[in-house]
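Undergrad: For reference, this is data_0.csv, and it has CSV, C-alpha atoms.
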chain,number,residue,atom,x,y,z
N,548,MET,CA,-20.0,6.3,-40.9
N,549,SER,CA,-20.2,9.6,-38.9
N,550,GLU,CA,-18.4,10.2,-35.6
N,551,ALA,CA,-21.7,10.7,-33.8
N,552,HIS,CA,-22.9,7.3,-34.9
N,553,ASN,CA,-19.6,5.7,-33.7
N,554,ASN,CA,-19.9,7.5,-30.4
N,555,ALA,CA,-23.5,6.4,-29.9
N,556,GLU,CA,-22.6,2.8,-30.7
N,557,ALA,CA,-19.7,2.9,-28.2
N,558,SER,CA,-22.0,4.4,-25.6
N,559,ILE,CA,-24.6,1.6,-26.1
N,560,GLU,CA,-21.9,-1.1,-25.9
N,561,GLU,CA,-20.7,0.6,-22.7
N,562,GLN,CA,-24.2,0.4,-21.3
N,563,LEU,CA,-24.5,-3.3,-22.4
N,564,VAL,CA,-21.2,-4.2,-20.6
N,565,ALA,CA,-22.3,-2.3,-17.5
N,566,TYR,CA,-25.7,-4.1,-17.7
N,567,LEU,CA,-23.9,-7.5,-17.8
N,568,ASP,CA,-21.8,-6.4,-14.8
N,569,GLY,CA,-24.8,-5.3,-12.8
N,570,GLU,CA,-23.5,-1.8,-12.7
N,571,LEU,CA,-26.5,0.1,-14.1
N,572,ASP,CA,-29.2,1.8,-12.0
N,573,ALA,CA,-32.7,0.4,-12.1
N,574,GLU,CA,-34.0,2.9,-14.6
N,575,THR,CA,-31.2,2.6,-17.1
N,576,GLY,CA,-31.3,-1.2,-16.7
N,577,ARG,CA,-35.0,-1.1,-17.7
N,578,ARG,CA,-34.3,1.1,-20.6
N,579,ILE,CA,-31.6,-1.3,-21.9
N,580,GLU,CA,-33.9,-4.3,-21.4
N,581,GLY,CA,-36.6,-2.4,-23.5
N,582,MET,CA,-34.0,-1.9,-26.2
N,583,LEU,CA,-32.9,-5.5,-26.1
N,584,ALA,CA,-36.5,-6.7,-26.4
N,585,SER,CA,-37.0,-4.8,-29.6
N,586,ASP,CA,-33.5,-5.1,-31.2
N,587,ALA,CA,-32.2,-8.5,-32.4
N,588,GLN,CA,-28.8,-7.1,-33.3
N,589,LEU,CA,-28.4,-5.6,-29.8
N,590,ARG,CA,-29.3,-9.0,-28.3
N,591,ARG,CA,-26.7,-10.7,-30.5
N,592,THR,CA,-24.1,-8.2,-29.4
N,593,LEU,CA,-25.0,-8.8,-25.7
N,594,GLN,CA,-24.7,-12.6,-26.2
N,595,GLU,CA,-21.3,-12.2,-27.9
N,596,LEU,CA,-20.0,-9.9,-25.1
N,597,ASP,CA,-21.2,-12.4,-22.5
N,598,ARG,CA,-19.9,-15.4,-24.3
N,599,SER,CA,-16.4,-14.0,-24.7
N,600,TRP,CA,-16.4,-12.9,-21.1
N,601,GLU,CA,-17.4,-16.4,-19.9
N,602,LEU,CA,-14.5,-17.8,-21.9
N,603,LEU,CA,-12.1,-16.0,-19.6
N,604,GLY,CA,-13.2,-18.6,-17.0
N,605,GLU,CA,-11.1,-21.1,-18.9
N,606,LEU,CA,-8.0,-19.4,-17.7
N,607,ASP,CA,-6.5,-21.7,-15.1
N,608,ALA,CA,-5.5,-20.5,-11.7
N,609,PRO,CA,-1.8,-21.2,-11.3
N,610,GLU,CA,-0.9,-23.9,-8.9
N,611,LEU,CA,1.4,-22.8,-6.1
N,612,ALA,CA,4.4,-24.8,-5.1
N,613,GLU,CA,4.4,-25.8,-1.5
N,614,THR,CA,7.6,-23.9,-1.0
N,615,PHE,CA,6.3,-20.6,-2.4
N,616,THR,CA,4.7,-19.5,0.9
N,617,GLN,CA,7.8,-20.4,2.8
N,618,SER,CA,10.1,-18.6,0.5
N,619,THR,CA,7.8,-15.5,0.5
N,620,LEU,CA,7.9,-15.5,4.3
N,621,GLU,CA,11.6,-16.0,4.4
N,622,MET,CA,12.2,-13.2,1.9
N,623,VAL,CA,10.1,-10.8,4.0
N,624,THR,CA,11.8,-11.9,7.2
N,625,VAL,CA,15.3,-11.3,5.6
N,626,ALA,CA,14.2,-7.9,4.3
N,627,ALA,CA,12.7,-6.9,7.6
N,628,SER,CA,15.9,-8.0,9.4
N,629,GLU,CA,17.9,-5.9,6.9
N,630,ASP,CA,15.6,-3.0,7.4
N,631,LEU,CA,16.1,-3.3,11.2
N,632,GLN,CA,19.9,-3.5,10.9
N,633,GLN,CA,20.0,-0.5,8.6
N,634,TYR,CA,17.7,1.4,11.0
N,635,ARG,CA,20.1,0.6,13.9
N,636,ALA,CA,23.2,1.4,11.9
N,637,GLU,CA,21.8,4.8,11.1
N,638,ALA,CA,20.7,5.5,14.6
N,639,PRO,CA,23.8,7.6,15.7
N,640,ARG,CA,23.7,9.7,12.6
N,641,ARG,CA,20.0,10.1,13.0
N,642,ARG,CA,20.5,11.2,16.6
N,643,ARG,CA,23.2,13.7,15.6
N,644,ARG,CA,20.9,15.1,13.0
N,645,GLN,CA,18.1,15.4,15.5
N,646,TRP,CA,20.4,17.2,18.0
N,647,THR,CA,21.6,19.5,15.3
N,648,ILE,CA,18.1,20.4,14.3
N,649,VAL,CA,17.1,20.9,18.0
N,650,GLY,CA,20.2,23.1,18.7
N,651,GLY,CA,19.8,25.1,15.5
N,652,GLY,CA,16.1,25.6,16.3
N,653,LEU,CA,16.9,26.9,19.8
N,654,LEU,CA,19.5,29.2,18.5
N,655,ALA,CA,17.2,30.6,15.8
N,656,ALA,CA,14.4,31.0,18.4
N,657,GLY,CA,16.8,32.9,20.7
N,658,LEU,CA,18.0,35.2,17.9
N,659,VAL,CA,14.4,35.9,16.8
N,660,GLY,CA,13.4,36.6,20.5
N,661,PHE,CA,16.3,39.0,20.9
N,662,LEU,CA,15.4,40.9,17.7
N,663,VAL,CA,11.8,41.1,18.6
N,664,ALA,CA,12.6,42.4,22.1
N,665,ALA,CA,15.0,45.0,20.7
N,666,TRP,CA,12.3,46.1,18.2
N,667,PHE,CA,9.6,46.6,20.9
N,668,LYS,CA,11.9,47.9,23.7
N,669,PRO,CA,14.5,50.5,22.4
N,670,ASP,CA,17.8,51.0,24.1
N,671,PRO,CA,17.4,53.7,26.9
N,672,ASN,CA,21.0,54.9,26.4
N,673,GLN,CA,20.3,55.7,22.8
N,674,GLN,CA,18.8,59.2,23.7
N,675,LEU,CA,21.8,59.9,26.0
N,676,ILE,CA,24.2,59.1,23.2
N,677,GLU,CA,22.4,61.3,20.8
N,678,ASP,CA,22.4,64.2,23.3
N,679,LEU,CA,26.0,63.7,24.4
N,680,PRO,CA,27.4,66.8,22.5
N,681,LEU,CA,24.8,69.0,24.3
N,682,LEU,CA,25.6,67.5,27.7
N,683,VAL,CA,29.3,68.1,27.2
N,684,ASN,CA,28.9,71.7,26.3
N,685,VAL,CA,25.9,72.5,28.4
N,686,GLU,CA,27.9,74.9,30.7
N,687,GLN,CA,29.1,77.0,27.7
N,688,TYR,CA,25.6,77.2,26.3
N,689,ARG,CA,24.3,78.5,29.6
N,690,GLN,CA,26.6,81.5,29.4
N,691,ILE,CA,24.8,82.7,26.3
N,692,ASP,CA,21.3,83.9,27.0
N,693,ASP,CA,20.2,84.5,23.5
N,694,PHE,CA,18.8,81.4,21.8
N,695,GLU,CA,18.8,82.9,18.3
N,696,PHE,CA,22.5,83.7,18.7
N,697,LEU,CA,23.1,80.1,19.5
N,698,GLN,CA,21.2,79.0,16.4
N,699,MET,CA,23.3,81.3,14.3
N,700,LEU,CA,26.5,79.9,15.7
N,701,SER,CA,25.2,76.4,15.0
N,702,ARG,CA,24.4,77.4,11.4
N,703,GLU,CA,28.0,78.8,11.0
N,704,GLY,CA,29.3,75.4,11.9
N,705,LEU,CA,30.9,76.3,15.2
N,706,PHE,CA,29.6,73.3,17.1
N,707,VAL,CA,30.5,70.9,14.4
N,708,GLU,CA,34.1,71.9,14.6
N,709,GLU,CA,34.0,71.5,18.3
N,710,GLU,CA,32.5,68.1,18.1
N,711,GLY,CA,35.1,67.2,15.4
N,712,ASP,CA,37.9,68.3,17.7
N,713,GLU,CA,36.5,66.3,20.6
N,714,THR,CA,36.3,63.2,18.7
N,715,GLN,CA,39.9,63.5,17.6
L,1340,MET,CA,-4.4,-6.8,8.5
L,1341,LEU,CA,-4.9,-4.9,11.7
L,1342,GLU,CA,-3.0,-7.6,13.5
L,1343,VAL,CA,-0.2,-7.5,10.9
L,1344,ARG,CA,-0.1,-3.8,11.6
L,1345,GLU,CA,0.6,-4.6,15.2
L,1346,ASP,CA,3.6,-6.8,14.1
L,1347,ASN,CA,1.8,-10.1,14.5
L,1348,ALA,CA,4.0,-12.6,12.4
L,1349,ALA,CA,1.3,-15.3,12.4
L,1350,ALA,CA,-1.3,-12.9,11.1
L,1351,PHE,CA,1.1,-12.0,8.2
L,1352,GLU,CA,1.6,-15.7,7.4
L,1353,GLU,CA,-2.2,-16.2,7.4
L,1354,LEU,CA,-2.6,-13.2,5.1
L,1355,VAL,CA,0.0,-14.5,2.7
L,1356,LEU,CA,-1.7,-17.9,2.6
L,1357,ARG,CA,-5.1,-16.3,2.0
L,1358,TYR,CA,-4.1,-14.0,-0.8
L,1359,GLN,CA,-1.1,-15.4,-2.6
L,1360,GLY,CA,-3.1,-17.6,-5.0
L,1361,ARG,CA,-5.4,-14.7,-6.0
L,1362,LEU,CA,-2.6,-12.3,-6.4
L,1363,LEU,CA,-0.5,-14.8,-8.4
L,1364,THR,CA,-3.5,-15.5,-10.7
L,1365,VAL,CA,-4.1,-11.8,-11.5
L,1366,LEU,CA,-0.4,-11.0,-11.9
L,1367,GLU,CA,0.4,-14.0,-14.1
L,1368,HIS,CA,-2.4,-13.2,-16.5
L,1369,LEU,CA,-1.4,-9.5,-16.3
L,1370,VAL,CA,2.3,-9.9,-17.1
L,1371,GLY,CA,2.1,-13.2,-19.1
L,1372,SER,CA,5.0,-14.9,-17.3
L,1373,ARG,CA,4.8,-17.3,-14.3
L,1374,ASP,CA,8.3,-16.5,-13.1
L,1375,LEU,CA,7.9,-12.8,-13.2
L,1376,ALA,CA,4.4,-13.1,-11.6
L,1377,GLU,CA,5.9,-15.1,-8.7
L,1378,ASP,CA,8.6,-12.5,-8.2
L,1379,LEU,CA,6.0,-9.7,-8.3
L,1380,THR,CA,3.7,-11.5,-5.8
L,1381,GLN,CA,6.6,-11.7,-3.4
L,1382,GLU,CA,7.5,-8.1,-4.0
L,1383,VAL,CA,3.8,-7.1,-3.3
L,1384,PHE,CA,3.9,-9.0,0.1
L,1385,LEU,CA,7.1,-7.3,1.0
L,1386,ARG,CA,5.6,-3.9,0.2
L,1387,VAL,CA,2.5,-4.8,2.3
L,1388,TYR,CA,4.8,-5.7,5.2
L,1389,ARG,CA,6.8,-2.5,4.9
L,1390,ALA,CA,3.7,-0.4,4.5
L,1391,ARG,CA,1.7,-2.2,7.3
L,1392,LYS,CA,1.9,0.8,9.6
L,1393,THR,CA,0.2,3.1,7.0
L,1394,TYR,CA,-2.8,0.7,6.5
L,1395,VAL,CA,-6.0,2.5,7.5
L,1396,ALA,CA,-8.6,0.2,9.0
L,1397,SER,CA,-11.4,1.8,7.0
L,1398,ALA,CA,-9.8,0.8,3.7
L,1399,LYS,CA,-10.9,-2.5,2.1
L,1400,PHE,CA,-7.8,-4.7,2.4
L,1401,SER,CA,-8.2,-6.4,-1.1
L,1402,THR,CA,-8.4,-3.0,-2.7
L,1403,TRP,CA,-5.3,-1.8,-0.9
L,1404,LEU,CA,-3.5,-5.0,-1.8
L,1405,PHE,CA,-4.3,-4.8,-5.5
L,1406,THR,CA,-3.5,-1.1,-5.6
L,1407,ILE,CA,0.0,-2.1,-4.5
L,1408,ALA,CA,0.0,-5.0,-7.0
L,1409,ASN,CA,-1.1,-2.7,-9.8
L,1410,ASN,CA,1.8,-0.3,-9.1
L,1411,VAL,CA,4.4,-3.1,-8.8
L,1412,ALA,CA,3.2,-4.7,-12.0
L,1413,SER,CA,3.1,-1.4,-13.9
L,1414,ASN,CA,6.7,-0.7,-12.8
L,1415,ALA,CA,7.8,-4.1,-13.9
L,1416,LEU,CA,6.1,-3.9,-17.2
L,1417,ARG,CA,7.5,-0.5,-17.9
L,1418,SER,CA,11.1,-1.6,-17.2
L,1419,ARG,CA,10.5,-4.8,-19.2
L,1420,SER,CA,9.2,-2.8,-22.2
L,1421,ARG,CA,12.6,-1.0,-22.3
L,1422,ARG,CA,14.2,-4.4,-23.0
L,1423,PRO,CA,13.5,-6.2,-26.2
L,1424,GLU,CA,11.6,-9.3,-25.2
L,1425,VAL,CA,8.7,-11.3,-26.6
L,1426,THR,CA,5.9,-11.6,-24.1
L,1427,LEU,CA,2.6,-13.3,-23.5
L,1428,GLN,CA,3.4,-16.3,-25.5
L,1429,PRO,CA,0.8,-19.0,-25.0
L,1430,ARG,CA,2.1,-22.1,-23.1
L,1431,ASP,CA,2.4,-25.5,-24.7
L,1432,SER,CA,-0.8,-27.4,-24.7
L,1433,GLY,CA,0.5,-30.6,-23.4
L,1434,PRO,CA,3.5,-33.0,-23.4
L,1435,LEU,CA,3.2,-33.4,-27.1
L,1436,GLY,CA,3.3,-29.7,-27.7
L,1437,PRO,CA,0.7,-27.5,-29.3
L,1438,ARG,CA,-1.4,-28.6,-32.2
L,1439,PRO,CA,-3.3,-26.6,-34.8
L,1440,LEU,CA,-6.4,-25.1,-33.5
L,1441,ASP,CA,-8.5,-26.3,-36.4
L,1442,VAL,CA,-7.6,-29.9,-35.6
L,1443,MET,CA,-8.9,-29.4,-32.2
L,1444,LEU,CA,-12.2,-27.9,-33.2
L,1445,GLN,CA,-15.2,-29.9,-34.2
L,1446,ALA,CA,-18.2,-28.8,-36.2
L,1447,SER,CA,-20.4,-26.3,-34.5
L,1448,SER,CA,-24.0,-27.1,-33.6
L,1449,GLY,CA,-26.8,-24.7,-33.0
L,1450,GLN,CA,-26.6,-21.0,-32.0
L,1451,MET,CA,-24.1,-21.5,-29.2
L,1452,PRO,CA,-21.1,-23.5,-30.4
L,1453,ALA,CA,-20.8,-26.7,-28.3
L,1454,ARG,CA,-17.6,-28.1,-29.7
L,1455,GLN,CA,-15.5,-30.5,-27.7
L,1456,LEU,CA,-12.7,-28.0,-27.5
L,1457,ASP,CA,-9.4,-29.0,-26.1
L,1458,LYS,CA,-9.2,-27.1,-22.8
L,1459,ALA,CA,-5.5,-26.4,-23.0
L,1460,GLU,CA,-5.8,-25.1,-26.5
L,1461,MET,CA,-8.8,-22.9,-25.6
L,1462,ARG,CA,-6.8,-21.5,-22.7
L,1463,ASP,CA,-4.0,-20.6,-25.2
L,1464,VAL,CA,-6.6,-18.7,-27.3
L,1465,VAL,CA,-8.0,-16.9,-24.3
L,1466,ARG,CA,-4.5,-16.0,-23.1
L,1467,MET,CA,-3.8,-14.7,-26.6
L,1468,ALA,CA,-7.0,-12.6,-26.6
L,1469,LEU,CA,-6.0,-11.2,-23.2
L,1470,GLY,CA,-2.7,-10.3,-24.6
L,1471,VAL,CA,-4.3,-8.1,-27.2
L,1472,LEU,CA,-5.6,-5.8,-24.5
L,1473,ASN,CA,-3.4,-3.0,-23.2
L,1474,GLU,CA,-2.1,-3.2,-19.7
L,1475,ARG,CA,-4.8,-1.1,-18.1
L,1476,GLN,CA,-7.6,-2.9,-19.9
L,1477,ARG,CA,-6.1,-6.2,-18.9
L,1478,MET,CA,-5.9,-5.2,-15.2
L,1479,ALA,CA,-9.5,-3.9,-15.2
L,1480,VAL,CA,-10.7,-7.1,-16.8
L,1481,LEU,CA,-8.7,-9.3,-14.3
L,1482,LEU,CA,-10.0,-7.4,-11.3
L,1483,CYS,CA,-13.5,-7.6,-12.5
L,1484,LYS,CA,-13.5,-11.2,-13.6
L,1485,PHE,CA,-11.3,-12.9,-11.0
L,1486,GLU,CA,-11.7,-10.6,-8.0
L,1487,GLY,CA,-15.3,-9.8,-8.7
L,1488,MET,CA,-14.6,-6.1,-8.0
L,1489,SER,CA,-17.2,-3.5,-8.5
L,1490,TYR,CA,-16.4,-0.6,-10.9
L,1491,ALA,CA,-15.9,1.6,-7.8
L,1492,ASP,CA,-13.3,-0.7,-6.3
L,1493,ILE,CA,-11.5,-1.1,-9.6
L,1494,ALA,CA,-11.5,2.7,-9.9
L,1495,GLN,CA,-9.9,3.0,-6.4
L,1496,THR,CA,-7.4,0.3,-7.1
L,1497,MET,CA,-6.3,1.7,-10.5
L,1498,GLU,CA,-6.7,5.3,-9.3
L,1499,LEU,CA,-9.3,6.2,-12.0
L,1500,SER,CA,-12.8,7.5,-11.9
L,1501,PRO,CA,-15.7,4.9,-12.1
L,1502,GLN,CA,-16.7,6.3,-15.4
L,1503,ALA,CA,-13.2,5.8,-16.8
L,1504,VAL,CA,-13.4,2.2,-15.6
L,1505,LYS,CA,-16.7,1.8,-17.3
L,1506,SER,CA,-15.2,2.9,-20.6
L,1507,LEU,CA,-12.1,0.9,-20.1
L,1508,LEU,CA,-14.0,-2.3,-19.5
L,1509,SER,CA,-16.3,-1.6,-22.4
L,1510,ARG,CA,-13.4,-1.2,-24.8
L,1511,ALA,CA,-11.6,-4.3,-23.3
L,1512,ARG,CA,-14.7,-6.5,-23.6
L,1513,GLY,CA,-15.3,-5.2,-27.1
L,1514,ASN,CA,-11.7,-6.2,-28.0
L,1515,LEU,CA,-12.2,-9.6,-26.4
L,1516,ARG,CA,-15.4,-10.1,-28.3
L,1517,GLU,CA,-13.7,-9.1,-31.6
L,1518,VAL,CA,-10.8,-11.5,-31.1
L,1519,LEU,CA,-12.7,-14.5,-29.6
L,1520,GLU,CA,-16.0,-14.4,-31.6
L,1521,PRO,CA,-14.5,-15.8,-34.8
L,1522,TYR,CA,-13.0,-18.5,-32.8
L,1523,LEU,CA,-16.2,-19.3,-31.1
L,1524,GLN,CA,-18.3,-19.2,-34.3
L,1525,HIS,CA,-16.0,-20.8,-36.8
L,1526,GLY,CA,-13.0,-22.1,-34.9
L,1527,ASP,CA,-10.8,-19.4,-36.5
L,1528,PRO,CA,-7.8,-18.9,-34.3
L,1529,PRO,CA,-7.2,-15.3,-33.4
L,1530,VAL,CA,-4.6,-13.6,-35.6
L,1531,VAL,CA,-2.6,-11.3,-33.4
L,1532,GLU,CA,0.6,-9.9,-34.6
L,1533,GLY,CA,3.5,-11.6,-32.9
L,1534,ARG,CA,1.2,-13.7,-30.8
L,1535,GLU,CA,-0.1,-16.5,-33.1
L,1536,PRO,CA,-0.3,-19.9,-31.4
L,1537,ARG,CA,2.5,-22.2,-32.3
L,1538,THR,CA,1.3,-24.9,-34.6
L,1539,GLU,CA,4.2,-27.3,-35.2
Go ahead and render the structure in this file as structure tokens.

TA:
Amino acid sequence: MSEAHNNAEASIEEQLVAYLDGELDAETGRRIEGMLASDAQLRRTLQELDRSWELLGELDAPELAETFTQSTLEMVTVAASEDLQQYRAEAPRRRRRQWTIVGGGLLAAGLVGFLVAAWFKPDPNQQLIEDLPLLVNVEQYRQIDDFEFLQMLSREGLFVEEEGDETQ
Amino acid sequence: MLEVREDNAAAFEELVLRYQGRLLTVLEHLVGSRDLAEDLTQEVFLRVYRARKTYVASAKFSTWLFTIANNVASNALRSRSRRPEVTLQPRDSGPLGPRPLDVMLQASSGQMPARQLDKAEMRDVVRMALGVLNERQRMAVLLCKFEGMSYADIAQTMELSPQAVKSLLSRARGNLREVLEPYLQHGDPPVVEGREPRTE
């Protein structure tokens, strides 16, 4: 028997079960009814499916002991009380954790704020620090009128030595 | 359930009273053991209580309840399957113990067999047939048959698509038909490996 045939058979049985369960739309339902009217084998399959389904009704509903409800409620009460105790016991640790998180968060926010502020607003003393060698020697530079001569001295490394001497 | 959510103890008791029988029926037929089913029923109510604050009013309560039951039962069956244990044995049919099925059956008459079947014996056979189904098929069958759930509700409960439920129920009912039909037609007891009815 081909796989296609098996699939088609499974699909028809699927539709029959859905038909019995009232899960088909009206059009598909009518199509199945038309097939049932003309196919005795299909009618037999439907009957057998229905009959075995009805037999499940023979399964008895278990009888509950009178104490069952009580023991269920007691079990839930005990569990709820244990949950509450555990919740209370963990409260100090939970509070500590919350404070740690809040403190850490504030610290991190402060640090981020400082870095952002420093990024957008540079230090005004930075330029002064960079120009400090010039400011220190400004009187000596003024004595030399020729700018090119100054540049030559700079290339010769004269100012570097002076700066080095000063830092020592 | 909305009152349970607001910590109303009386409402919770009312909820237990209303649903415990239905829950126990489905769980007993699902796991095949009364003791385990009772434990699981209580476990489900405990989970309902603990999850009461997460219940959404728009959700159908029975669907929510049986979703929890399905998860609880699946976990229990999974952990039980790791232990070597014979399950889903049919119960004794009476104080004298079970008798052979064929003794209990009388000759069939007409198209639909109308034998005077012993009810307890028939229940054993049906239980056995149910035991043939895999866990998911059994759950879908029980929700459909005993809870009267639509395919859409079963799908929601079992976290499947409605089309998957349609296929699942079709295969399940095909299996039930295959196992039960010889019994209905000729009184042949189902032969299921490891699950034959006791006949002494």

Undergrad: For a quick test of understanding: name the residues of chain N lying within 10 Å of chain L when counting only C-alpha atoms, and present them as JSON, numbers by chain.

TA: {"N": [557, 558, 559, 560, 561, 562, 563, 564, 565, 568, 569, 570, 592, 594, 595, 596, 597, 598, 599, 600, 601, 602, 603, 604, 605, 606, 607, 608, 609, 610, 611, 615, 616, 617, 618, 619, 620, 622, 623, 624, 626, 627, 630]}

Undergrad: Go ahead and save the picked residues with C-alpha atoms, as a short mmCIF file (atom, residue, chain, number, x, y, z; two decimals), in the coordinates of the input.

TA:
data_model
loop_
_atom_site.label_atom_id
_atom_site.label_comp_id
_atom_site.auth_asym_id
_atom_site.auth_seq_id
_atom_site.Cartn_x
_atom_site.Cartn_y
_atom_site.Cartn_z
CA ALA N 557 -19.70 2.90 -28.20
CA SER N 558 -22.00 4.40 -25.60
CA ILE N 559 -24.60 1.60 -26.10
CA GLU N 560 -21.90 -1.10 -25.90
CA GLU N 561 -20.70 0.60 -22.70
CA GLN N 562 -24.20 0.40 -21.30
CA LEU N 563 -24.50 -3.30 -22.40
CA VAL N 564 -21.20 -4.20 -20.60
CA ALA N 565 -22.30 -2.30 -17.50
CA ASP N 568 -21.80 -6.40 -14.80
CA GLY N 569 -24.80 -5.30 -12.80
CA GLU N 570 -23.50 -1.80 -12.70
CA THR N 592 -24.10 -8.20 -29.40
CA GLN N 594 -24.70 -12.60 -26.20
CA GLU N 595 -21.30 -12.20 -27.90
CA LEU N 596 -20.00 -9.90 -25.10
CA ASP N 597 -21.20 -12.40 -22.50
CA ARG N 598 -19.90 -15.40 -24.30
CA SER N 599 -16.40 -14.00 -24.70
CA TRP N 600 -16.40 -12.90 -21.10
CA GLU N 601 -17.40 -16.40 -19.90
CA LEU N 602 -14.50 -17.80 -21.90
CA LEU N 603 -12.10 -16.00 -19.60
CA GLY N 604 -13.20 -18.60 -17.00
CA GLU N 605 -11.10 -21.10 -18.90
CA LEU N 606 -8.00 -19.40 -17.70
CA ASP N 607 -6.50 -21.70 -15.10
CA ALA N 608 -5.50 -20.50 -11.70
CA PRO N 609 -1.80 -21.20 -11.30
CA GLU N 610 -0.90 -23.90 -8.90
CA LEU N 611 1.40 -22.80 -6.10
CA PHE N 615 6.30 -20.60 -2.40
CA THR N 616 4.70 -19.50 0.90
CA GLN N 617 7.80 -20.40 2.80
CA SER N 618 10.10 -18.60 0.50
CA THR N 619 7.80 -15.50 0.50
CA LEU N 620 7.90 -15.50 4.30
CA MET N 622 12.20 -13.20 1.90
CA VAL N 623 10.10 -10.80 4.00
CA THR N 624 11.80 -11.90 7.20
CA ALA N 626 14.20 -7.90 4.30
CA ALA N 627 12.70 -6.90 7.60
CA ASP N 630 15.60 -3.00 7.40
#

Undergrad: Show me, as a VMD selection string, the residues that have an atom within 12 Å of Met1497 (chain L) when counting all atoms listed in the file, minus same-chain residues fewer than 3 positions from it.

TA: chain L and resid 1402 to 1413 1474 to 1483 1488 1490 to 1494 1500 to 1501 1503 to 1504 1507

Undergrad: Mind writing the picked residues with C-alpha atoms as a PDB file, in the coordinates of the input?

TA:
ATOM      1  CA  THR L1402      -8.400  -3.000  -2.700  1.00  0.00           C
ATOM      2  CA  TRP L1403      -5.300  -1.800  -0.900  1.00  0.00           C
ATOM      3  CA  LEU L1404      -3.500  -5.000  -1.800  1.00  0.00           C
ATOM      4  CA  PHE L1405      -4.300  -4.800  -5.500  1.00  0.00           C
ATOM      5  CA  THR L1406      -3.500  -1.100  -5.600  1.00  0.00           C
ATOM      6  CA  ILE L1407       0.000  -2.100  -4.500  1.00  0.00           C
ATOM      7  CA  ALA L1408       0.000  -5.000  -7.000  1.00  0.00           C
ATOM      8  CA  ASN L1409      -1.100  -2.700  -9.800  1.00  0.00           C
ATOM      9  CA  ASN L1410       1.800  -0.300  -9.100  1.00  0.00           C
ATOM     10  CA  VAL L1411       4.400  -3.100  -8.800  1.00  0.00           C
ATOM     11  CA  ALA L1412       3.200  -4.700 -12.000  1.00  0.00           C
ATOM     12  CA  SER L1413       3.100  -1.400 -13.900  1.00  0.00           C
ATOM     13  CA  GLU L1474      -2.100  -3.200 -19.700  1.00  0.00           C
ATOM     14  CA  ARG L1475      -4.800  -1.100 -18.100  1.00  0.00           C
ATOM     15  CA  GLN L1476      -7.600  -2.900 -19.900  1.00  0.00           C
ATOM     16  CA  ARG L1477      -6.100  -6.200 -18.900  1.00  0.00           C
ATOM     17  CA  MET L1478      -5.900  -5.200 -15.200  1.00  0.00           C
ATOM     18  CA  ALA L1479      -9.500  -3.900 -15.200  1.00  0.00           C
ATOM     19  CA  VAL L1480     -10.700  -7.100 -16.800  1.00  0.00           C
ATOM     20  CA  LEU L1481      -8.700  -9.300 -14.300  1.00  0.00           C
ATOM     21  CA  LEU L1482     -10.000  -7.400 -11.300  1.00  0.00           C
ATOM     22  CA  CYS L1483     -13.500  -7.600 -12.500  1.00  0.00           C
ATOM     23  CA  MET L1488     -14.600  -6.100  -8.000  1.00  0.00           C
ATOM     24  CA  TYR L1490     -16.400  -0.600 -10.900  1.00  0.00           C
ATOM     25  CA  ALA L1491     -15.900   1.600  -7.800  1.00  0.00           C
ATOM     26  CA  ASP L1492     -13.300  -0.700  -6.300  1.00  0.00           C
ATOM     27  CA  ILE L1493     -11.500  -1.100  -9.600  1.00  0.00           C
ATOM     28  CA  ALA L1494     -11.500   2.700  -9.900  1.00  0.00           C
ATOM     29  CA  SER L1500     -12.800   7.500 -11.900  1.00  0.00           C
ATOM     30  CA  PRO L1501     -15.700   4.900 -12.100  1.00  0.00           C
ATOM     31  CA  ALA L1503     -13.200   5.800 -16.800  1.00  0.00           C
ATOM     32  CA  VAL L1504     -13.400   2.200 -15.600  1.00  0.00           C
ATOM     33  CA  LEU L1507     -12.100   0.900 -20.100  1.00  0.00           C
TER      34      LEU L1507
END

Undergrad: Please, what distance in Å, to one decimal, runs between CA of Asp1374 (chain L) and CA of Gln1495 (chain L)?

TA: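 Computing it gives 27.5 Å between the two atoms.
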
Undergrad: Enter the distance from CA of Asn1414 (chain L) to CA of Val1370 (chain L), in Å, rounded to one decimal.

TA: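 Computing the Euclidean distance for CA of Asn1414 (chain L) and CA of Val1370 (chain L) yields 11.1 Å.
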
Undergrad: Expressed in Å to a single decimal, how great is the separation between CA of Met1467 (chain L) and CA of Glu1498 (chain L)?

TA: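 Between these atoms lies a distance of 26.6 Å.
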
Undergrad: Skip Tyr1394 (chain L) itself and residues of its chain fewer than 6 positions away, then list as a list in words all residues within 10 Å of it, counting all atoms listed in the file.

TA: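 That gives Met1340, Leu1341, Val1343, Arg1344, Val1387, Phe1400 and Trp1403 of chain L.
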
Undergrad: Just add N, CA and C atoms to region 563-567 of chain N and send it as a CSV table (one decimal), in the frame of the given file.

TA:
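So the final result, stored in out_37.csv, reads:
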chain,number,residue,atom,x,y,z
N,563,LEU,N,-24.2,-1.8,-22.4
N,563,LEU,CA,-24.5,-3.3,-22.4
N,563,LEU,C,-23.5,-4.0,-21.4
N,564,VAL,N,-22.2,-3.5,-21.5
N,564,VAL,CA,-21.2,-4.2,-20.6
N,564,VAL,C,-21.6,-3.9,-19.1
N,565,ALA,N,-22.0,-2.6,-18.9
N,565,ALA,CA,-22.3,-2.3,-17.5
N,565,ALA,C,-23.6,-3.1,-17.0
N,566,TYR,N,-24.5,-3.3,-18.0
N,566,TYR,CA,-25.7,-4.1,-17.7
N,566,TYR,C,-25.3,-5.5,-17.3
N,567,LEU,N,-24.4,-6.1,-18.1
N,567,LEU,CA,-23.9,-7.5,-17.8
N,567,LEU,C,-23.2,-7.5,-16.4
